[in-house]
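entry-v4.pdb (PDB, C-alpha atoms, pLDDT in the B column)
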```pdb
ATOM      1  CA  MET A   1      28.903 -83.791  28.955  1.00 55.00           C
ATOM      2  CA  LYS A   2      29.129 -80.377  30.626  1.00 55.00           C
ATOM      3  CA  GLY A   3      25.764 -79.464  29.097  1.00 54.00           C
ATOM      4  CA  ASN A   4      24.131 -82.567  30.602  1.00 53.00           C
ATOM      5  CA  SER A   5      25.682 -81.893  34.017  1.00 51.00           C
ATOM      6  CA  LEU A   6      24.465 -78.311  33.970  1.00 46.00           C
ATOM      7  CA  PHE A   7      21.001 -79.445  32.890  1.00 47.00           C
ATOM      8  CA  LEU A   8      20.846 -82.015  35.732  1.00 41.00           C
ATOM      9  CA  MET A   9      21.991 -79.403  38.265  1.00 46.00           C
ATOM     10  CA  VAL A  10      19.289 -76.973  37.125  1.00 43.00           C
ATOM     11  CA  ILE A  11      16.640 -79.728  37.351  1.00 45.00           C
ATOM     12  CA  LEU A  12      17.878 -80.725  40.800  1.00 43.00           C
ATOM     13  CA  LEU A  13      17.865 -77.131  42.066  1.00 44.00           C
ATOM     14  CA  PHE A  14      14.424 -76.515  40.572  1.00 45.00           C
ATOM     15  CA  SER A  15      12.939 -79.657  42.139  1.00 43.00           C
ATOM     16  CA  THR A  16      14.538 -78.775  45.494  1.00 42.00           C
ATOM     17  CA  ALA A  17      13.018 -75.283  45.331  1.00 40.00           C
ATOM     18  CA  ILE A  18       9.595 -76.759  44.603  1.00 41.00           C
ATOM     19  CA  THR A  19       9.924 -79.186  47.522  1.00 38.00           C
ATOM     20  CA  ALA A  20      11.060 -76.405  49.838  1.00 42.00           C
ATOM     21  CA  LYS A  21       8.233 -74.181  48.662  1.00 42.00           C
ATOM     22  CA  GLY A  22       5.725 -76.984  49.118  1.00 47.00           C
ATOM     23  CA  GLN A  23       6.865 -77.469  52.709  1.00 44.00           C
ATOM     24  CA  ILE A  24       6.448 -73.814  53.661  1.00 48.00           C
ATOM     25  CA  LYS A  25       3.219 -73.425  55.539  1.00 48.00           C
ATOM     26  CA  LYS A  26       1.890 -69.921  56.008  1.00 67.00           C
ATOM     27  CA  GLU A  27       0.074 -69.594  59.314  1.00 83.00           C
ATOM     28  CA  LYS A  28      -3.436 -68.223  59.015  1.00 90.00           C
ATOM     29  CA  ILE A  29      -4.622 -65.244  61.026  1.00 91.00           C
ATOM     30  CA  LYS A  30      -6.966 -66.256  63.817  1.00 94.00           C
ATOM     31  CA  ILE A  31     -10.149 -64.175  63.679  1.00 95.00           C
ATOM     32  CA  ALA A  32     -13.461 -64.250  65.558  1.00 95.00           C
ATOM     33  CA  VAL A  33     -16.705 -62.672  64.384  1.00 94.00           C
ATOM     34  CA  VAL A  34     -18.169 -61.837  67.749  1.00 91.00           C
ATOM     35  CA  ASN A  35     -21.208 -59.642  67.330  1.00 87.00           C
ATOM     36  CA  VAL A  36     -23.233 -58.107  64.510  1.00 91.00           C
ATOM     37  CA  THR A  37     -26.153 -56.059  65.795  1.00 90.00           C
ATOM     38  CA  ALA A  38     -29.210 -54.576  64.119  1.00 91.00           C
ATOM     39  CA  GLN A  39     -29.873 -50.829  64.341  1.00 90.00           C
ATOM     40  CA  SER A  40     -33.225 -49.887  62.814  1.00 88.00           C
ATOM     41  CA  ALA A  41     -33.060 -53.141  60.881  1.00 87.00           C
ATOM     42  CA  ASP A  42     -34.387 -56.657  61.245  1.00 86.00           C
ATOM     43  CA  SER A  43     -32.438 -58.761  63.784  1.00 89.00           C
ATOM     44  CA  ALA A  44     -32.633 -61.730  61.387  1.00 91.00           C
ATOM     45  CA  LEU A  45     -30.664 -59.598  58.917  1.00 91.00           C
ATOM     46  CA  ALA A  46     -27.949 -59.096  61.555  1.00 91.00           C
ATOM     47  CA  LYS A  47     -27.727 -62.858  62.112  1.00 92.00           C
ATOM     48  CA  MET A  48     -27.514 -63.481  58.354  1.00 92.00           C
ATOM     49  CA  SER A  49     -24.842 -60.789  58.103  1.00 93.00           C
ATOM     50  CA  GLN A  50     -22.765 -62.424  60.819  1.00 93.00           C
ATOM     51  CA  THR A  51     -22.998 -65.824  59.129  1.00 93.00           C
ATOM     52  CA  THR A  52     -22.100 -64.339  55.739  1.00 93.00           C
ATOM     53  CA  ILE A  53     -19.117 -62.452  57.224  1.00 94.00           C
ATOM     54  CA  GLU A  54     -17.848 -65.673  58.843  1.00 95.00           C
ATOM     55  CA  ALA A  55     -18.251 -67.602  55.588  1.00 94.00           C
ATOM     56  CA  GLY A  56     -16.548 -64.879  53.537  1.00 93.00           C
ATOM     57  CA  LEU A  57     -13.560 -64.722  55.867  1.00 93.00           C
ATOM     58  CA  PHE A  58     -13.239 -68.499  55.814  1.00 93.00           C
ATOM     59  CA  GLN A  59     -13.540 -68.663  52.021  1.00 92.00           C
ATOM     60  CA  SER A  60     -10.763 -66.084  51.637  1.00 89.00           C
ATOM     61  CA  ASN A  61      -8.468 -68.928  52.760  1.00 89.00           C
ATOM     62  CA  TYR A  62      -6.423 -66.393  54.684  1.00 90.00           C
ATOM     63  CA  PHE A  63      -8.099 -66.611  58.082  1.00 93.00           C
ATOM     64  CA  ASP A  64      -8.639 -69.291  60.676  1.00 95.00           C
ATOM     65  CA  VAL A  65     -12.209 -68.340  61.610  1.00 95.00           C
ATOM     66  CA  LEU A  66     -13.307 -69.431  65.061  1.00 94.00           C
ATOM     67  CA  GLU A  67     -16.577 -71.303  64.871  1.00 92.00           C
ATOM     68  CA  ARG A  68     -19.647 -69.780  66.463  1.00 89.00           C
ATOM     69  CA  SER A  69     -20.155 -72.855  68.699  1.00 91.00           C
ATOM     70  CA  GLN A  70     -16.517 -72.633  69.925  1.00 92.00           C
ATOM     71  CA  ILE A  71     -16.904 -68.936  70.696  1.00 92.00           C
ATOM     72  CA  ASP A  72     -20.176 -69.501  72.557  1.00 90.00           C
ATOM     73  CA  TYR A  73     -18.737 -72.430  74.539  1.00 93.00           C
ATOM     74  CA  ILE A  74     -15.547 -70.602  75.585  1.00 92.00           C
ATOM     75  CA  LEU A  75     -17.379 -67.415  76.538  1.00 91.00           C
ATOM     76  CA  ARG A  76     -20.052 -69.360  78.438  1.00 91.00           C
ATOM     77  CA  GLN A  77     -17.269 -71.112  80.414  1.00 93.00           C
ATOM     78  CA  LYS A  78     -15.805 -67.702  81.329  1.00 90.00           C
ATOM     79  CA  ASN A  79     -19.272 -66.245  82.019  1.00 90.00           C
ATOM     80  CA  ILE A  80     -18.816 -63.530  79.355  1.00 86.00           C
ATOM     81  CA  SER A  81     -21.596 -62.224  77.123  1.00 83.00           C
ATOM     82  CA  VAL A  82     -21.186 -60.698  73.669  1.00 81.00           C
ATOM     83  CA  LYS A  83     -24.513 -58.887  73.845  1.00 81.00           C
ATOM     84  CA  GLY A  84     -23.854 -55.178  73.631  1.00 75.00           C
ATOM     85  CA  CYS A  85     -20.215 -55.705  72.685  1.00 80.00           C
ATOM     86  CA  SER A  86     -19.731 -52.911  70.171  1.00 79.00           C
ATOM     87  CA  ASP A  87     -16.520 -51.166  71.238  1.00 84.00           C
ATOM     88  CA  LYS A  88     -12.827 -51.926  70.964  1.00 87.00           C
ATOM     89  CA  SER A  89     -12.179 -52.635  74.647  1.00 87.00           C
ATOM     90  CA  CYS A  90     -14.960 -55.210  74.855  1.00 87.00           C
ATOM     91  CA  ALA A  91     -13.879 -56.803  71.555  1.00 90.00           C
ATOM     92  CA  ALA A  92     -10.216 -56.922  72.657  1.00 90.00           C
ATOM     93  CA  LYS A  93     -11.186 -58.510  75.991  1.00 91.00           C
ATOM     94  CA  ILE A  94     -13.186 -61.197  74.194  1.00 92.00           C
ATOM     95  CA  GLY A  95     -10.343 -61.663  71.696  1.00 93.00           C
ATOM     96  CA  ASP A  96      -7.899 -62.239  74.564  1.00 93.00           C
ATOM     97  CA  VAL A  97     -10.149 -64.922  76.006  1.00 93.00           C
ATOM     98  CA  LEU A  98     -10.568 -66.548  72.571  1.00 94.00           C
ATOM     99  CA  LYS A  99      -6.827 -66.229  71.802  1.00 94.00           C
ATOM    100  CA  SER A 100      -7.585 -64.649  68.437  1.00 95.00           C
ATOM    101  CA  ASP A 101      -5.501 -62.119  66.523  1.00 95.00           C
ATOM    102  CA  TYR A 102      -8.469 -60.030  65.410  1.00 94.00           C
ATOM    103  CA  VAL A 103     -12.101 -59.650  66.417  1.00 94.00           C
ATOM    104  CA  VAL A 104     -14.884 -58.504  64.111  1.00 94.00           C
ATOM    105  CA  ILE A 105     -17.823 -56.532  65.456  1.00 93.00           C
ATOM    106  CA  GLY A 106     -20.426 -54.948  63.270  1.00 92.00           C
ATOM    107  CA  THR A 107     -23.814 -53.405  62.702  1.00 92.00           C
ATOM    108  CA  ILE A 108     -26.463 -53.476  60.062  1.00 94.00           C
ATOM    109  CA  SER A 109     -28.753 -50.476  59.863  1.00 93.00           C
ATOM    110  CA  LYS A 110     -31.495 -49.097  57.680  1.00 92.00           C
ATOM    111  CA  LEU A 111     -32.347 -45.484  57.031  1.00 89.00           C
ATOM    112  CA  ASP A 112     -32.850 -44.676  53.353  1.00 90.00           C
ATOM    113  CA  ALA A 113     -30.725 -47.677  52.412  1.00 92.00           C
ATOM    114  CA  TYR A 114     -29.276 -50.632  54.265  1.00 93.00           C
ATOM    115  CA  LYS A 115     -25.733 -50.254  55.539  1.00 94.00           C
ATOM    116  CA  VAL A 116     -23.456 -52.960  56.871  1.00 93.00           C
ATOM    117  CA  SER A 117     -20.487 -51.772  58.899  1.00 93.00           C
ATOM    118  CA  ILE A 118     -17.714 -53.846  60.419  1.00 93.00           C
ATOM    119  CA  LYS A 119     -14.851 -52.970  62.726  1.00 93.00           C
ATOM    120  CA  ILE A 120     -11.709 -55.061  62.906  1.00 93.00           C
ATOM    121  CA  VAL A 121     -10.057 -54.919  66.323  1.00 93.00           C
ATOM    122  CA  ASP A 122      -6.408 -55.918  66.743  1.00 93.00           C
ATOM    123  CA  VAL A 123      -6.512 -57.889  69.988  1.00 94.00           C
ATOM    124  CA  LYS A 124      -2.844 -57.359  70.953  1.00 93.00           C
ATOM    125  CA  LYS A 125      -2.876 -53.618  70.266  1.00 91.00           C
ATOM    126  CA  LYS A 126      -6.409 -53.259  71.665  1.00 91.00           C
ATOM    127  CA  HIS A 127      -7.527 -50.808  69.013  1.00 90.00           C
ATOM    128  CA  ILE A 128      -9.584 -50.688  65.852  1.00 91.00           C
ATOM    129  CA  VAL A 129      -7.364 -51.126  62.805  1.00 91.00           C
ATOM    130  CA  LEU A 130     -10.059 -51.087  60.170  1.00 91.00           C
ATOM    131  CA  ILE A 131     -13.630 -49.901  59.692  1.00 91.00           C
ATOM    132  CA  GLU A 132     -15.401 -50.793  56.490  1.00 91.00           C
ATOM    133  CA  GLU A 133     -18.949 -49.903  55.416  1.00 93.00           C
ATOM    134  CA  LYS A 134     -21.027 -50.722  52.387  1.00 93.00           C
ATOM    135  CA  GLU A 135     -24.565 -49.717  51.457  1.00 93.00           C
ATOM    136  CA  PHE A 136     -27.191 -51.632  49.528  1.00 92.00           C
ATOM    137  CA  GLN A 137     -30.782 -50.926  48.580  1.00 92.00           C
ATOM    138  CA  ARG A 138     -32.584 -54.245  48.935  1.00 91.00           C
ATOM    139  CA  LYS A 139     -32.287 -57.204  51.300  1.00 90.00           C
ATOM    140  CA  ILE A 140     -31.530 -59.500  48.397  1.00 91.00           C
ATOM    141  CA  HIS A 141     -28.225 -57.643  47.908  1.00 92.00           C
ATOM    142  CA  LEU A 142     -26.966 -58.458  51.422  1.00 91.00           C
ATOM    143  CA  ASN A 143     -24.769 -61.444  50.507  1.00 91.00           C
ATOM    144  CA  LYS A 144     -23.207 -59.760  47.474  1.00 93.00           C
ATOM    145  CA  THR A 145     -22.497 -56.590  49.476  1.00 92.00           C
ATOM    146  CA  ILE A 146     -20.873 -58.471  52.346  1.00 92.00           C
ATOM    147  CA  LYS A 147     -18.762 -60.545  49.957  1.00 91.00           C
ATOM    148  CA  MET A 148     -17.400 -57.326  48.413  1.00 92.00           C
ATOM    149  CA  LEU A 149     -16.774 -55.917  51.889  1.00 91.00           C
ATOM    150  CA  ILE A 150     -14.918 -59.065  53.005  1.00 91.00           C
ATOM    151  CA  LYS A 151     -12.824 -59.082  49.831  1.00 90.00           C
ATOM    152  CA  ASP A 152     -11.672 -55.529  50.613  1.00 89.00           C
ATOM    153  CA  VAL A 153     -11.087 -56.276  54.299  1.00 88.00           C
ATOM    154  CA  SER A 154      -9.177 -59.505  53.609  1.00 88.00           C
ATOM    155  CA  PHE A 155      -6.907 -57.770  51.115  1.00 86.00           C
ATOM    156  CA  ARG A 156      -6.186 -54.897  53.465  1.00 86.00           C
ATOM    157  CA  ILE A 157      -5.426 -57.161  56.432  1.00 83.00           C
ATOM    158  CA  LYS A 158      -3.310 -59.486  54.281  1.00 81.00           C
ATOM    159  CA  THR A 159      -1.225 -56.610  52.917  1.00 82.00           C
ATOM    160  CA  GLY A 160      -1.180 -54.533  56.105  1.00 77.00           C
ATOM    161  CA  THR A 161      -2.845 -51.587  54.313  1.00 74.00           C
ATOM    162  CA  PHE A 162      -5.422 -50.791  56.956  1.00 68.00           C
ATOM    163  CA  GLN A 163      -6.081 -47.227  55.847  1.00 58.00           C
ATOM    164  CA  LYS A 164      -7.834 -46.817  52.502  1.00 52.00           C
ATOM    165  CA  ASN A 165      -5.217 -44.367  51.219  1.00 47.00           C
ATOM    166  CA  THR A 166      -2.240 -46.390  52.430  1.00 44.00           C
ATOM    167  CA  PRO A 167       0.102 -47.110  49.528  1.00 44.00           C
ATOM    168  CA  VAL A 168       0.655 -50.771  48.716  1.00 45.00           C
ATOM    169  CA  PHE A 169       4.419 -50.248  48.688  1.00 48.00           C
ATOM    170  CA  ASN A 170       6.990 -48.995  51.145  1.00 48.00           C
ATOM    171  CA  ILE A 171       9.921 -46.723  50.282  1.00 51.00           C
ATOM    172  CA  GLN A 172      13.096 -47.992  51.902  1.00 52.00           C
ATOM    173  CA  PRO A 173      16.099 -45.884  52.955  1.00 54.00           C
ATOM    174  CA  GLY A 174      18.352 -45.582  49.929  1.00 55.00           C
ATOM    175  CA  GLY A 175      15.417 -45.460  47.491  1.00 56.00           C
ATOM    176  CA  GLY A 176      14.394 -49.136  47.293  1.00 57.00           C
ATOM    177  CA  LEU A 177      10.772 -50.243  47.201  1.00 52.00           C
ATOM    178  CA  THR A 178       9.145 -53.193  48.943  1.00 55.00           C
ATOM    179  CA  ILE A 179       5.720 -54.494  48.036  1.00 55.00           C
ATOM    180  CA  PRO A 180       3.826 -56.550  50.646  1.00 53.00           C
ATOM    181  CA  MET A 181       3.048 -60.149  49.673  1.00 53.00           C
ATOM    182  CA  GLY A 182      -0.230 -60.304  47.795  1.00 50.00           C
ATOM    183  CA  ALA A 183      -0.448 -56.541  47.256  1.00 49.00           C
ATOM    184  CA  LEU A 184      -0.491 -56.866  43.507  1.00 50.00           C
ATOM    185  CA  SER A 185      -2.862 -59.828  43.364  1.00 48.00           C
ATOM    186  CA  LYS A 186      -6.035 -57.900  44.241  1.00 41.00           C
TER     187      LYS A 186
END
```

What is this structure when it is put down as structure tokens?
Amino acid sequence: MKGNSLFLMVILLFSTAITAKGQIKKEKIKIAVVNVTAQSADSALAKMSQTTIEAGLFQSNYFDVLERSQIDYILRQKNISVKGCSDKSCAAKIGDVLKSDYVVIGTISKLDAYKVSIKIVDVKKKHIVLIEEKEFQRKIHLNKTIKMLIKDVSFRIKTGTFQKNTPVFNIQPGGGLTIPMGALSK
């Protein structure tokens, strides 16, 4: 009898934990890809890069990506242009207007190889928290390169490890360790 009672209590606790876990909703980070410009590269490549960055962020399932049409509409209403927006103060100003947590600005350039570079601006802090660059040799490698870049960026934003050499754990007073959620799932 005691064995059955214990078994029922364990089942009840387990099902309650699942229900509680199922009801927890993690809020996504609001992010806007504002401007990707071409430097010594085709402007169509910059547009494709911007679209691929938006899609990659959305597919990470970690971000609430503002749609291009929403961004354009809101900025048009406020009479603000994103053309030439390539620094943190401009990005933060636009992020404030859009009520986003982060703003992405970037460039695609071509010298010997193509290079895509993105900056992530923390809107509240009004500074760049992350710069990521990747090179590729041929235009056909654009999507694959950006997907790798977004995977790295998403992981680093999700875990709060903005610097490349930032450890994925924190040492607590007294010698304990904490590991940010998702840090080990890369």

Residues within 8 Å of (-18.5, -73.7, 60.6), counting only C-alpha atoms, listed as an mmCIF file with C-alpha atoms, in the coordinates of the input:
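Once everything was written out, this is out-v4.cif:
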```
data_model
loop_
_atom_site.group_PDB
_atom_site.id
_atom_site.type_symbol
_atom_site.label_atom_id
_atom_site.label_comp_id
_atom_site.auth_asym_id
_atom_site.auth_seq_id
_atom_site.Cartn_x
_atom_site.Cartn_y
_atom_site.Cartn_z
ATOM 1 C CA ALA A 55 -18.251 -67.602 55.588
ATOM 2 C CA GLU A 67 -16.577 -71.303 64.871
ATOM 3 C CA ARG A 68 -19.647 -69.780 66.463
#
```

(message) Between A:Ile71, A:Ala38, A:Leu66, A:Ile150, which residue has the minimum interatomic distance to Ser86 in chain A, considering only C-alpha atoms?
(response)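 Checking each of A:Ile71, A:Ala38, A:Leu66, A:Ile150 against Ser86 in chain A, counting only C-alpha atoms, the winner is A:Ala38.
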
(request) Between A:Ile108, A:Ile80, A:Val123, A:Ile31, single out the one closest to Ala44 in chain A, counting all atoms listed in the file. (result) A:Ile108

(request) Measure the distance from CA of Glu27 in chain A to CA of Ala91 in chain A in Å and round it to one decimal. (result) 22.5 Å

Residues near Ala113 in chain A, cut-off 12 Å, only C-alpha atoms, skip fewer than 4 positions along chain, as a compact mmCIF listing (two decimals) with C-alpha atoms, keeping the file's coordinate frame:
```txt
# COMPACT_ATOMS: atom_id res chain seq x y z
CA SER A 40 -33.22 -49.89 62.81
CA ALA A 41 -33.06 -53.14 60.88
CA ILE A 108 -26.46 -53.48 60.06
CA SER A 109 -28.75 -50.48 59.86
CA LYS A 134 -21.03 -50.72 52.39
CA GLU A 135 -24.56 -49.72 51.46
CA PHE A 136 -27.19 -51.63 49.53
CA GLN A 137 -30.78 -50.93 48.58
CA ARG A 138 -32.58 -54.24 48.94
CA LYS A 139 -32.29 -57.20 51.30
CA HIS A 141 -28.22 -57.64 47.91
CA LEU A 142 -26.97 -58.46 51.42
```

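The closest residue to Leu98 in chain A, picked from A:Lys30, A:Lys47, A:Arg156, A:Lys125 and counting all atoms listed in the file, is A:Lys30.
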